[in-house]
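Following: one structure in structure tokens, then a few remarks.
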Amino acid sequence: MKEWIHLRIRRQDGPETPPYWQTFRLPYAPDQNVVSVLMCLRENPMTTDGRQVEPVAWDHNCMEEVCGSCAMSINGVPRPSCSALIDDLEQPIVLEPLPKFPVVRDLLVDRARMDAGLRRVKAWIEIDGIWDIHEGAPRISPAEWSASYLYSRCMSCGCCMAACPQFGPQSDFIGPAPLAQVRLMNAHPTGRYDKTERLHRIMASGGLSDCGNAQNCVRVCPKEIPLTTAIGELGRQTTLQSLKDLFGQG
Amino acid sequence: MKIPLQAIVIGGGLGGLWAALRIADAGFPLQLFSLFEVKRSHSVCAQGGINAVLDTKGERDSVRQHIIDTIKGGEYLANQPPIKSLCEHAPGLIRTFERMGVTFSRTSEGILDQRLFGGVKNRRTCFAGASTGQQLLYGVDQQVRRLESLGRIEKFEWWEFLSLLQDADGTCRGIVAMDLRSLEVRAFPAEVVVLATGGFGQLYAPKTTTSTNCTGAAASRCYQQGARFANAEFFQFHPTAMLGNDKTRLMSEAARGEGGRIWVPRNPGEHRPPRSIPEGERFYFLEEFFPAYGNTVARDEAARAIWRVTRQMGLGIGGSDRVYLDLTHLDRGFVSKRLGAILDIYRKFAGTDPLNAPMEIFPAAHYPMGGLWVDFERDASGGMRPGSPSNQATNIPGLYACGECDYAYHGANRLGANSLLSASFSGRVAGESAVSYLKGLVRDSAVPSERMLRAEVERQTAINQAFMESDGPENPYRLHRELGELMTSKVGVVRTNPDLEMALEELQRLRERLRSVHLGDSRTWANQTLAFTRQLRDMIELAMAVARSALERDECRGAHYKAAFKIPIPDGTFPGDPEYEDYRMRWKTNNDRWLKTSVAEWTPDGPRIRYEEVDLSVYPPTDPRDYR
Amino acid sequence: MNASLDHIHFLLRRLHSLFGLIPIGAFLTFHLWENSQSRFGADHYNLEVVSALQEMNYLPFIELFVIALPLLLHAAYGLAISGQMRAELSRYPYARNRFYWLQRISGIGILAFLLFHVGTTRIQGLWQPAVRDDLYGHMQTLLTDPLVFGLYTLGLLLSVFHLVNGLSTMAIVWGLTTSAQAQRLFGYLCIGLGLLLGAIGIHGLLGFLP
Ligand SMILES: Cc1cc2nc3c(=O)[nH]c(=O)nc-3n(C[C@H](O)[C@H](O)[C@H](O)COP(=O)(O)OP(=O)(O)OC[C@H]3O[C@@H](n4cnc5c(N)ncnc54)[C@H](O)[C@@H]3O)c2cc1C
Ligand code: HEM
Ligand code: HEM
Ligand code: SF4
Ligand code: F3S
Ligand code: FES
């Protein structure tokens, strides 16, 4: 039986300051995950060599892998930390902020770019208003539903973006998660009305074509969202859209 | 020049976003505050579903029945006109959600599917796979983003509400908030404020199913500034939550429904792995305590039985709080098919497979029925008057509350799948009321006096300063753990007056000890410990209101249980029997005394509790609740 | 204006993708077939195959517009695209990620190879008519140098990989394959094609050896 949990954490005091590493050691307990260990650590943040340091800043909320707050790089791979069980991890457990996103402090990052992406692709249904119009949306077959439901579970954790070699400060690629939302919205019976507009938005620079089909995104997504299927389907939709633009009417 | 009237919504869960949409739709400039990106709010955790009578299952379900189920579920403690409106508007809300693109599960005909949920006889719960709350929240989140891109909503994510700005006469004139990154404390003047900051399960941490941000601090701050806090003693405990040192995760009741058995080893010193313990040495206590229902006994009964076995009989697994929820005797294929989602969660977070070893569970704090006191205006039909500025209004003029942080819809116990509904509905109503309030204002300037703004900002900055400089032996996170343990053991599933008195004393001590806290983080950038310690301070104040309200209510009602005051139905008797009628009389007398809303008011020396009549105009209590 | 023309970025990317297949990919396939004729000896290669091509009408035009220009455009834009890559192979050791990386690295490799290859064949032939008259002999001299032979093999393999992997991603880009399974199956098809082209190419190289 293990006696200790060893952590190696990349820390950073602020967005502009250089990162540094610290190692910690906590007594082993069963049923722990990375968030629960960080919670124990913040009660007594002492490094392995006995220095009292500031508690590690990080983000968490639901603790059941549905809010997307707690994503970070764990042993090199981006994933939600609340569902990363200690017993399954190789030690020392190396924690780094979620790659590609600007660090706020320690393991806390700023994912505003995801939100901007969603705004950019108009990831919503244009409804007249939130009043009751005494009618729901048109019917949706169970088959269509189950295809769409997969995409509706995206919790904007950003893991897919962090793992995408095309996404990062070096490019203006919007990233896989917002693209998958275009797939979702375009399939909705009324969301379809704005399909052309959404497609045009992802046909611009930084859009769909900046995906290089590395497919890391789909491998790391904790919610198993079929991102590459969405990318393929959007490929088809944009192909047809451009043909329509070039050769159809208007 | 006339400055447009400014509105503020605090909270980005279902309640807050509905309010925000409603206000922005009316054209008022709106600022939306949240501790983090709104789509990460606790509302995403709800899995089960949302109630609305659509009557698509050939069961002759009716809105009237939904109203009655809700009223009875809450043991008559909730005002009935709001419940009436809630249930009447539920189908319309669902239709609107559907238009927003929420991926509700479908029937083969392509319409919304509905399923059965705890406590009712009809299939009336809409759901979206196993992530209903997430889907509903994303629906409104997307609409907020739409309005944001049109410049009609301005989001302040990563900002924490600290306090209300109040006029000399107490009217709310905006808020003071803190940027959780730069720690800047700033005043935001506004004419109307809607609070939608969720529940306070974290008082019971880690034995709670709620998110770590459900601290109730925001509601507590309003309470300390004069808002009334109602029915604080009513907290629903979910009997089956799975182990966890960080939080306990909900295990749906379906596990028991499909044949799961709950047991503990008879021998408290048992060390063998569960599956090698012979049948004869297992204590299937639910089956023994409730021969008629066995493992499917109602939520609160199950929770109390588990409590009794672990806390009073000391039979929890290995001396802990946990009991086994066993599926291993069932057919593997059947279990995988019927309970796939549960199995996944358990595997994911416990790392073991419930098909191979029994799950370990404990009752956990799940949902507070209590919250900020809010008003309503009854109309001729017996519901809430649409558009009345009184609906969802707290006793502070200009401050509205909705969602889990109000107390309005659930009485003494919440009906399953009714809170997503109440959060959405009350959010929309609060938004509407805020609009009516704004339209009715005679003032035309959103700018209160500069002096008042400065004074409140300084007061809040001083609190930060004091915590930053404080240097004592106490660690805020450890204090929080102590608070959770205290609340769980003394203000939990089963309560006694001596325990509650002790809890109040202990809370008083925690309050003192917080004064000698040491943050251990002196940075003035993204200092989470500072923010947390501030929240802890307000959690303790709220905990006192909970404990005090619980102490004063000497009865058993809904989730509030004091064995000493239990009025049991005499065994084997039915209406008409003299013994039953005698029981009915005692039940009525008890109602005369206790069928009242408890209202806590903050004073520096602790909460003061008053009682208020309940509006029973829709379905007065004639018969006791009887689930036999 | 027309919406798609507004989004010139999109058209450029699709043009780049298309060029990879037609004409460049088509040329490579043909080119490898052409060179596989080396096996039938100098006469057959020089007289039947090469001269037939050399005598084609509008040859310079074809060479310029069907081969050189698309290749240059594809290469130039490809280099620009490659600049966006931040592949972390050790973090994400998945096959598709490696292929993604190799697609870009091979592109650069091909570019280097082509400078050398075309420089020592077609360009050199411009002022040394002897080279053009006996291409077989010329290639034989070149390829008997083990170093050059090695370079050719590498250039060949990189090109074939780049083509067939490009083909498999093209199928996603254009929306031919959408489901994970379709993408996998088409991937196997491309691997098969790659093995075939590779074999033809190696076969051709060996045919030049004395
Ligand atoms: C595990 C679980 C399962 C559930 N399942 C169901 C179900 O199946 N059906 C059902 O009907 N209900 C269910 N519920 C209950 C339901 O999810 C909640 O009651 C409801 O979502 C509450 O929504 P809300 O908008 O009030 O608050 P929340 O969603 O909690 O949102 C609170 C918001 O307030 C903000 N906030 C808080 N404090 C501050 C502050 N100081 N400053 C600024 N912002 C602040 C937060 O950022 C957040 O955006 C479940 C609850 C739990 C715990
Ligand atoms: C298999 C080994 C190869 C051999 C033996 C070979 C041989 C030749 C020869 C003899 C020529 C000169 C043709 C002429 O001058 O008319 C040539 C031209 C050329 N080769 Fe190759 N080649 C090989 C592989 C490749 C590869 C892998 C590529 C990459 C795509 C390539 C691209 C070209 C190009 C672009 C030209 C110039 C074509 C023109 O403008 O006519 N070759 N090759
Ligand atoms: C000479 C230098 C070359 C460079 C730098 C280069 C670069 C690239 C790059 C970076 C891509 C990936 C584009 C994307 O996925 O978005 C690519 C795709 C492709 N390339 Fe090249 N390439 C070169 C030559 C060639 C040659 C010689 C061929 C043909 C044999 C070729 C065929 C293709 C094909 C078919 C694709 C697929 C396009 C797609 O995925 O849509 N390339 N190339
Ligand atoms: S697609 Fe998956 S990995 Fe990406 S943000 Fe959504 S949930 Fe996270
Ligand atoms: S990893 Fe990136 S390159 Fe495309 S397939 Fe996924 S978005
Ligand atoms: S805390 Fe919500 S996903 Fe981990």
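We label chains A, B, ... in the order they appear in the structure tokens, count residues from 1 in each chain, and number ligands from 1 in the order shown.
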Could you list, as a ChimeraX atom specification, every residue within 9 Å of segment 161-163 of chain B, counting only C-alpha atoms and ignoring same-chain residues fewer than 3 positions away?
/B:10,33-35,174-178,185,217-218,221-222,225,456,460,534
Output the selection as a compact mmCIF listing (two decimals), in the first residue's frame - N, CA and C atoms for each residue.
```txt
# COMPACT_ATOMS: atom_id res chain seq x y z
N ILE B 10 -27.58 38.81 -9.91
CA ILE B 10 -26.43 38.12 -9.33
C ILE B 10 -26.71 36.63 -9.37
N PHE B 33 -23.82 39.13 -12.79
CA PHE B 33 -22.63 38.77 -11.99
C PHE B 33 -22.61 37.29 -11.67
N SER B 34 -21.42 36.73 -11.73
CA SER B 34 -21.29 35.33 -11.33
C SER B 34 -19.87 35.08 -10.85
N LEU B 35 -19.73 34.09 -9.97
CA LEU B 35 -18.42 33.76 -9.41
C LEU B 35 -17.49 33.19 -10.47
N GLY B 174 -28.15 49.07 -5.51
CA GLY B 174 -27.04 48.50 -6.26
C GLY B 174 -26.24 47.58 -5.37
N ILE B 175 -25.06 47.23 -5.84
CA ILE B 175 -24.27 46.27 -5.07
C ILE B 175 -22.80 46.69 -5.01
N VAL B 176 -22.09 46.07 -4.10
CA VAL B 176 -20.63 46.15 -4.10
C VAL B 176 -20.13 44.75 -4.43
N ALA B 177 -19.20 44.67 -5.35
CA ALA B 177 -18.68 43.37 -5.77
C ALA B 177 -17.17 43.42 -5.84
N MET B 178 -16.59 42.22 -5.82
CA MET B 178 -15.13 42.12 -5.84
C MET B 178 -14.69 41.31 -7.05
N VAL B 185 -12.44 46.07 -5.27
CA VAL B 185 -13.78 46.16 -4.71
C VAL B 185 -14.45 47.38 -5.32
N ALA B 217 -23.32 32.14 0.81
CA ALA B 217 -22.76 33.38 1.36
C ALA B 217 -23.51 34.61 0.86
N ALA B 218 -23.87 34.60 -0.40
CA ALA B 218 -24.51 35.80 -0.96
C ALA B 218 -25.86 36.05 -0.28
N ARG B 221 -25.35 37.38 3.11
CA ARG B 221 -24.98 38.80 3.15
C ARG B 221 -26.23 39.67 3.13
N CYS B 222 -27.18 39.29 2.29
CA CYS B 222 -28.43 40.07 2.25
C CYS B 222 -29.16 39.94 3.57
N GLN B 225 -27.91 42.09 5.99
CA GLN B 225 -28.23 43.50 5.73
C GLN B 225 -29.72 43.76 5.86
N GLU B 456 -19.67 52.18 1.51
CA GLU B 456 -19.84 50.74 1.46
C GLU B 456 -18.59 50.06 0.88
N GLN B 460 -16.30 47.26 2.88
CA GLN B 460 -15.94 45.94 2.36
C GLN B 460 -14.43 45.80 2.23
N ARG B 534 -14.04 35.00 3.49
CA ARG B 534 -15.19 35.89 3.56
C ARG B 534 -16.49 35.09 3.48
```
Within 7 Å of ligand 2, counting only C-alpha atoms and all ligand atoms, which protein or nucleic acid residues do you find, written as a PyMOL selection string?
chain C and resi 28+31-32+35+50+54+63+67-68+110+114+117-118+121-122+125+132+135+139+152+155-156+159+201-202+204-205
Report, in Å with one decimal, the straight-line distance from atom CA of Val109 of chain A to atom CA of Cys157 of chain A.
10.9 Å
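Restricting the atom set to only C-alpha atoms and all ligand atoms, one finds that the residues within 8 Å of ligand 6 amount to A:Val35, A:Asp59, A:His60, A:Asn61, A:Cys62, A:Met63, A:Glu64, A:Glu65, A:Val66, A:Cys67, A:Gly68, A:Ser69, A:Cys70, A:Ala71, A:Pro80, A:Ser81, A:Cys82, A:Ser83, A:Met155, A:Cys157, B:Arg40, B:Ser211.
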DSSP-assigned strand (DSSP E or B) members of segment 334-581 of chain B, reported as a compact mmCIF listing (two decimals) with N, CA, C and O atoms, in the first residue's frame:
```txt
# COMPACT_ATOMS: atom_id res chain seq x y z
N MET B 359 -21.81 -0.79 -3.37
CA MET B 359 -21.45 0.62 -3.28
C MET B 359 -21.52 1.05 -1.82
O MET B 359 -22.24 0.48 -1.02
N GLU B 360 -20.76 2.07 -1.49
CA GLU B 360 -20.80 2.61 -0.13
C GLU B 360 -21.48 3.98 -0.18
O GLU B 360 -21.07 4.85 -0.93
N ILE B 361 -22.52 4.13 0.63
CA ILE B 361 -23.32 5.35 0.55
C ILE B 361 -23.64 5.91 1.92
O ILE B 361 -23.50 5.23 2.94
N PHE B 362 -24.08 7.14 1.90
CA PHE B 362 -24.47 7.82 3.13
C PHE B 362 -25.46 8.93 2.76
O PHE B 362 -25.39 9.46 1.68
N PRO B 363 -26.39 9.30 3.68
CA PRO B 363 -27.29 10.42 3.37
C PRO B 363 -26.51 11.73 3.33
O PRO B 363 -25.67 11.97 4.19
N ALA B 364 -26.81 12.55 2.35
CA ALA B 364 -26.07 13.80 2.21
C ALA B 364 -27.01 14.98 2.03
O ALA B 364 -28.11 14.83 1.49
N ALA B 365 -26.56 16.13 2.50
CA ALA B 365 -27.35 17.35 2.36
C ALA B 365 -27.54 17.65 0.88
O ALA B 365 -26.57 17.74 0.13
N HIS B 366 -28.77 17.79 0.47
CA HIS B 366 -29.05 17.83 -0.96
C HIS B 366 -29.68 19.15 -1.39
O HIS B 366 -29.21 19.80 -2.32
N TYR B 367 -30.72 19.55 -0.69
CA TYR B 367 -31.44 20.72 -1.17
C TYR B 367 -32.05 21.49 0.00
O TYR B 367 -32.82 20.92 0.79
N PRO B 368 -31.76 22.78 0.13
CA PRO B 368 -32.39 23.58 1.18
C PRO B 368 -33.73 24.08 0.70
O PRO B 368 -33.83 24.72 -0.34
N GLY B 371 -34.84 29.72 2.41
CA GLY B 371 -34.09 30.71 1.65
C GLY B 371 -34.59 32.10 1.98
O GLY B 371 -35.35 32.28 2.94
N LEU B 372 -34.19 33.05 1.16
CA LEU B 372 -34.63 34.42 1.42
C LEU B 372 -36.15 34.48 1.32
O LEU B 372 -36.76 33.91 0.40
N ARG B 378 -51.51 37.86 -4.56
CA ARG B 378 -52.49 36.89 -5.02
C ARG B 378 -53.51 37.58 -5.91
O ARG B 378 -53.94 38.69 -5.63
N MET B 384 -50.49 33.77 -8.50
CA MET B 384 -49.76 35.03 -8.35
C MET B 384 -50.25 36.00 -9.42
O MET B 384 -50.42 35.59 -10.57
N ALA B 393 -40.33 39.49 -4.42
CA ALA B 393 -39.66 40.64 -3.79
C ALA B 393 -39.27 40.27 -2.36
O ALA B 393 -40.07 39.73 -1.61
N LEU B 399 -34.84 44.73 -3.98
CA LEU B 399 -34.11 43.47 -4.00
C LEU B 399 -35.07 42.31 -4.22
O LEU B 399 -36.03 42.14 -3.45
N TYR B 400 -34.81 41.54 -5.26
CA TYR B 400 -35.61 40.36 -5.56
C TYR B 400 -34.74 39.12 -5.38
O TYR B 400 -33.52 39.20 -5.47
N ALA B 401 -35.40 38.00 -5.13
CA ALA B 401 -34.65 36.75 -5.00
C ALA B 401 -35.38 35.65 -5.75
O ALA B 401 -36.61 35.66 -5.83
N ASP B 406 -34.31 31.38 -2.82
CA ASP B 406 -35.54 31.84 -2.17
C ASP B 406 -36.19 30.65 -1.48
O ASP B 406 -35.72 29.52 -1.58
N GLU B 474 -5.86 29.89 13.32
CA GLU B 474 -6.93 29.18 12.61
C GLU B 474 -6.75 29.18 11.10
O GLU B 474 -6.37 30.18 10.51
N VAL B 517 -8.05 34.09 12.31
CA VAL B 517 -7.72 33.24 11.18
C VAL B 517 -6.41 33.71 10.56
O VAL B 517 -6.03 34.89 10.68
N ARG B 557 -41.80 17.80 10.53
CA ARG B 557 -42.50 18.21 9.31
C ARG B 557 -41.52 18.10 8.16
O ARG B 557 -40.44 18.68 8.22
N HIS B 560 -37.63 18.20 8.36
CA HIS B 560 -37.22 18.55 9.73
C HIS B 560 -37.76 17.49 10.68
O HIS B 560 -38.97 17.32 10.82
```
For Met585 of chain B: contacts at 12 Å, only C-alpha atoms, fewer than 4 positions along chain excluded, given as a list of chain:residue names
B:Ile567, B:Ile569, B:Pro575, B:Pro578, B:Glu579, B:Tyr580, B:Glu581, B:Thr589, B:Asn590, B:Asn591, B:Asp592, B:Thr622, B:Asp623, B:Pro624
Return as a PyMOL selection string the residues belonging to chain A that are within 6 Å of chain C, counting only C-alpha atoms.
chain A and resi 76+165-166+203-205+214+229+232-233+235-236+242+245
Include all heavy atoms and write out the residues we just selected as a short mmCIF file (atom, residue, chain, number, x, y, z; two decimals), in the first residue's frame.
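Output saved as out.cif:
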```cif
data_model
loop_
_atom_site.label_atom_id
_atom_site.label_comp_id
_atom_site.auth_asym_id
_atom_site.auth_seq_id
_atom_site.Cartn_x
_atom_site.Cartn_y
_atom_site.Cartn_z
N GLY A 76 0.78 15.47 -17.82
CA GLY A 76 0.98 15.83 -19.21
C GLY A 76 -0.26 15.87 -20.07
O GLY A 76 -0.24 16.39 -21.16
N PRO A 165 -3.18 20.68 -31.63
CA PRO A 165 -1.91 21.31 -32.03
C PRO A 165 -2.11 22.56 -32.88
O PRO A 165 -1.16 23.30 -33.10
CB PRO A 165 -1.22 20.21 -32.84
CG PRO A 165 -2.32 19.34 -33.32
CD PRO A 165 -3.39 19.38 -32.28
N GLN A 166 -3.30 22.76 -33.35
CA GLN A 166 -3.55 23.94 -34.18
C GLN A 166 -4.04 25.11 -33.35
O GLN A 166 -4.11 26.24 -33.83
CB GLN A 166 -4.63 23.61 -35.23
CG GLN A 166 -4.18 22.70 -36.33
CD GLN A 166 -3.26 23.39 -37.30
OE1 GLN A 166 -2.05 23.17 -37.29
NE2 GLN A 166 -3.82 24.26 -38.13
N MET A 203 -16.28 29.62 -42.02
CA MET A 203 -15.48 29.58 -43.24
C MET A 203 -14.45 30.70 -43.27
O MET A 203 -13.59 30.75 -44.15
CB MET A 203 -16.39 29.65 -44.47
CG MET A 203 -17.12 28.32 -44.73
SD MET A 203 -18.61 28.49 -45.71
CE MET A 203 -17.94 28.65 -47.36
N ALA A 204 -14.55 31.60 -42.31
CA ALA A 204 -13.60 32.70 -42.25
C ALA A 204 -12.28 32.23 -41.64
O ALA A 204 -12.16 31.12 -41.16
CB ALA A 204 -14.19 33.84 -41.43
N SER A 205 -11.33 33.11 -41.67
CA SER A 205 -10.01 32.79 -41.12
C SER A 205 -10.14 32.38 -39.65
O SER A 205 -10.92 32.95 -38.91
CB SER A 205 -9.13 34.03 -41.28
OG SER A 205 -8.11 34.00 -40.35
N ALA A 214 -5.63 16.51 -36.59
CA ALA A 214 -4.74 15.78 -35.70
C ALA A 214 -5.54 14.84 -34.79
O ALA A 214 -5.01 13.85 -34.31
CB ALA A 214 -3.93 16.75 -34.86
N THR A 229 -16.24 13.76 -35.87
CA THR A 229 -17.41 13.54 -36.71
C THR A 229 -18.06 14.89 -37.03
O THR A 229 -18.44 15.16 -38.17
CB THR A 229 -18.42 12.64 -35.98
OG1 THR A 229 -17.78 11.42 -35.67
CG2 THR A 229 -19.64 12.39 -36.83
N GLY A 232 -16.05 16.51 -39.67
CA GLY A 232 -16.36 15.93 -40.98
C GLY A 232 -17.69 16.42 -41.52
O GLY A 232 -17.81 16.80 -42.68
N GLU A 233 -18.69 16.42 -40.64
CA GLU A 233 -20.01 16.86 -41.11
C GLU A 233 -19.99 18.32 -41.52
O GLU A 233 -20.64 18.74 -42.48
CB GLU A 233 -21.06 16.62 -40.02
CG GLU A 233 -21.34 15.14 -39.85
CD GLU A 233 -22.43 14.86 -38.83
OE1 GLU A 233 -23.20 15.78 -38.50
OE2 GLU A 233 -22.51 13.71 -38.37
N GLY A 235 -17.41 19.79 -42.63
CA GLY A 235 -16.69 19.81 -43.90
C GLY A 235 -17.68 19.65 -45.05
O GLY A 235 -17.67 20.41 -46.02
N ARG A 236 -18.56 18.69 -44.88
CA ARG A 236 -19.57 18.45 -45.91
C ARG A 236 -20.48 19.67 -46.07
O ARG A 236 -20.73 20.14 -47.18
CB ARG A 236 -20.39 17.23 -45.53
CG ARG A 236 -21.38 16.83 -46.56
CD ARG A 236 -22.11 15.56 -46.15
NE ARG A 236 -21.21 14.41 -46.07
CZ ARG A 236 -21.63 13.19 -45.69
NH1 ARG A 236 -22.89 12.98 -45.38
NH2 ARG A 236 -20.78 12.19 -45.65
N SER A 242 -20.31 26.31 -50.06
CA SER A 242 -19.50 27.10 -50.98
C SER A 242 -19.95 26.86 -52.41
O SER A 242 -19.93 27.78 -53.23
CB SER A 242 -18.02 26.79 -50.80
OG SER A 242 -17.78 25.44 -51.11
N ASP A 245 -22.86 29.02 -52.74
CA ASP A 245 -22.44 30.42 -52.84
C ASP A 245 -21.92 30.73 -54.24
O ASP A 245 -22.21 31.78 -54.82
CB ASP A 245 -21.31 30.71 -51.84
CG ASP A 245 -21.81 30.71 -50.41
OD1 ASP A 245 -23.04 30.81 -50.23
OD2 ASP A 245 -20.97 30.60 -49.50
#
```
Selected residue, from C:Ile24, C:Leu209, C:Ala75, C:Leu15, that lies nearest to Phe149 of chain C when counting only C-alpha atoms
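Closest to Phe149 of chain C of all the choices is C:Leu209.
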Provide the atom CA of Arg123 of chain B to atom CA of Gly16 of chain B distance in Å, to one decimal place.
28.2 Å
Per residue of chain B within 6 Å of ligand 1, what are the shortest atom pair and its distance in Å to one decimal, counting only C-alpha atoms and all ligand atoms, with rows by chain and residue number, as a tab-separated table?
```
residue	atom	partner	partner_atom_place_in_ligand_line	distance
B:Ile10	CA	ligand 1	44 (N)	5.1
B:Gly11	CA	ligand 1	34 (O)	3.2
B:Gly12	CA	ligand 1	49 (O)	3.3
B:Gly13	CA	ligand 1	29 (O)	3.4
B:Leu14	CA	ligand 1	25 (O)	3.9
B:Gly15	CA	ligand 1	25 (O)	3.7
B:Gly16	CA	ligand 1	25 (O)	5.5
B:Phe33	CA	ligand 1	43 (C)	5.1
B:Ser34	CA	ligand 1	44 (N)	3.5
B:Leu35	CA	ligand 1	47 (O)	3.9
B:Phe36	CA	ligand 1	47 (O)	5.4
B:Val38	CA	ligand 1	49 (O)	4.9
B:Ser41	CA	ligand 1	49 (O)	4.4
B:His42	CA	ligand 1	29 (O)	3.9
B:Ser43	CA	ligand 1	21 (O)	3.3
B:Cys45	CA	ligand 1	2 (C)	5.1
B:Ala46	CA	ligand 1	5 (N)	3.2
B:Gln47	CA	ligand 1	8 (O)	4.6
B:Gly48	CA	ligand 1	8 (O)	3.2
B:Gly49	CA	ligand 1	8 (O)	4.4
B:Ile50	CA	ligand 1	11 (O)	5.0
B:Trp159	CA	ligand 1	43 (C)	5.9
B:Glu160	CA	ligand 1	42 (N)	3.6
B:Phe161	CA	ligand 1	42 (N)	3.6
B:Ala196	CA	ligand 1	26 (O)	5.5
B:Thr197	CA	ligand 1	34 (O)	3.2
B:Gly198	CA	ligand 1	27 (O)	3.4
B:Gly199	CA	ligand 1	30 (O)	6.0
B:Thr209	CA	ligand 1	53 (C)	4.8
B:Thr210	CA	ligand 1	53 (C)	4.0
B:Ala218	CA	ligand 1	41 (N)	4.4
B:Leu250	CA	ligand 1	1 (C)	5.3
B:His366	CA	ligand 1	53 (C)	5.4
B:Gly403	CA	ligand 1	26 (O)	3.4
B:Glu404	CA	ligand 1	26 (O)	3.7
B:Cys405	CA	ligand 1	26 (O)	5.8
B:Gly416	CA	ligand 1	9 (N)	5.9
B:Ala417	CA	ligand 1	11 (O)	3.2
B:Asn418	CA	ligand 1	11 (O)	4.3
B:Ser419	CA	ligand 1	11 (O)	3.7
B:Leu420	CA	ligand 1	11 (O)	3.5
B:Leu421	CA	ligand 1	11 (O)	5.8
B:Ala423	CA	ligand 1	26 (O)	5.2
```
When the cut-off is 6 Å and you count only C-alpha atoms and all ligand atoms, which residues lie near ligand 5, shown as a PDB file with N, CA and C atoms, in the first residue's frame?
```pdb
ATOM      1  N   CYS A 164      -5.257  20.380 -28.884  1.00  0.00           N
ATOM      2  CA  CYS A 164      -5.238  20.577 -30.333  1.00  0.00           C
ATOM      3  C   CYS A 164      -3.957  21.293 -30.747  1.00  0.00           C
ATOM      4  N   PRO A 165      -3.180  20.684 -31.635  1.00  0.00           N
ATOM      5  CA  PRO A 165      -1.910  21.306 -32.032  1.00  0.00           C
ATOM      6  C   PRO A 165      -2.107  22.562 -32.883  1.00  0.00           C
ATOM      7  N   GLN A 166      -3.299  22.755 -33.350  1.00  0.00           N
ATOM      8  CA  GLN A 166      -3.554  23.936 -34.184  1.00  0.00           C
ATOM      9  C   GLN A 166      -4.042  25.113 -33.347  1.00  0.00           C
ATOM     10  N   GLY A 175     -10.916  26.451 -32.601  1.00  0.00           N
ATOM     11  CA  GLY A 175     -10.842  25.230 -31.794  1.00  0.00           C
ATOM     12  C   GLY A 175     -12.039  24.321 -31.971  1.00  0.00           C
ATOM     13  N   PRO A 176     -11.873  23.076 -31.585  1.00  0.00           N
ATOM     14  CA  PRO A 176     -12.898  22.068 -31.865  1.00  0.00           C
ATOM     15  C   PRO A 176     -14.226  22.250 -31.127  1.00  0.00           C
ATOM     16  N   CYS A 211      -8.456  23.515 -38.852  1.00  0.00           N
ATOM     17  CA  CYS A 211      -8.273  22.204 -38.228  1.00  0.00           C
ATOM     18  C   CYS A 211      -7.352  21.387 -39.120  1.00  0.00           C
ATOM     19  N   GLY A 212      -6.352  20.767 -38.552  1.00  0.00           N
ATOM     20  CA  GLY A 212      -5.420  19.971 -39.335  1.00  0.00           C
ATOM     21  C   GLY A 212      -5.641  18.481 -39.179  1.00  0.00           C
ATOM     22  N   ASN A 213      -6.782  18.109 -38.613  1.00  0.00           N
ATOM     23  CA  ASN A 213      -7.152  16.709 -38.440  1.00  0.00           C
ATOM     24  C   ASN A 213      -6.151  15.906 -37.614  1.00  0.00           C
ATOM     25  N   ALA A 214      -5.635  16.511 -36.587  1.00  0.00           N
ATOM     26  CA  ALA A 214      -4.741  15.776 -35.696  1.00  0.00           C
ATOM     27  C   ALA A 214      -5.538  14.845 -34.795  1.00  0.00           C
ATOM     28  N   GLN A 215      -6.779  15.198 -34.539  1.00  0.00           N
ATOM     29  CA  GLN A 215      -7.713  14.349 -33.804  1.00  0.00           C
ATOM     30  C   GLN A 215      -7.313  14.050 -32.356  1.00  0.00           C
ATOM     31  N   ASN A 216      -6.440  14.871 -31.801  1.00  0.00           N
ATOM     32  CA  ASN A 216      -6.192  14.729 -30.357  1.00  0.00           C
ATOM     33  C   ASN A 216      -7.441  15.087 -29.573  1.00  0.00           C
ATOM     34  N   CYS A 217      -8.174  16.053 -30.117  1.00  0.00           N
ATOM     35  CA  CYS A 217      -9.340  16.581 -29.421  1.00  0.00           C
ATOM     36  C   CYS A 217     -10.261  15.463 -28.986  1.00  0.00           C
ATOM     37  N   THR A 228     -14.535  14.856 -34.087  1.00  0.00           N
ATOM     38  CA  THR A 228     -14.051  14.701 -35.463  1.00  0.00           C
ATOM     39  C   THR A 228     -15.186  14.362 -36.418  1.00  0.00           C
TER      40      THR A 228
END
```
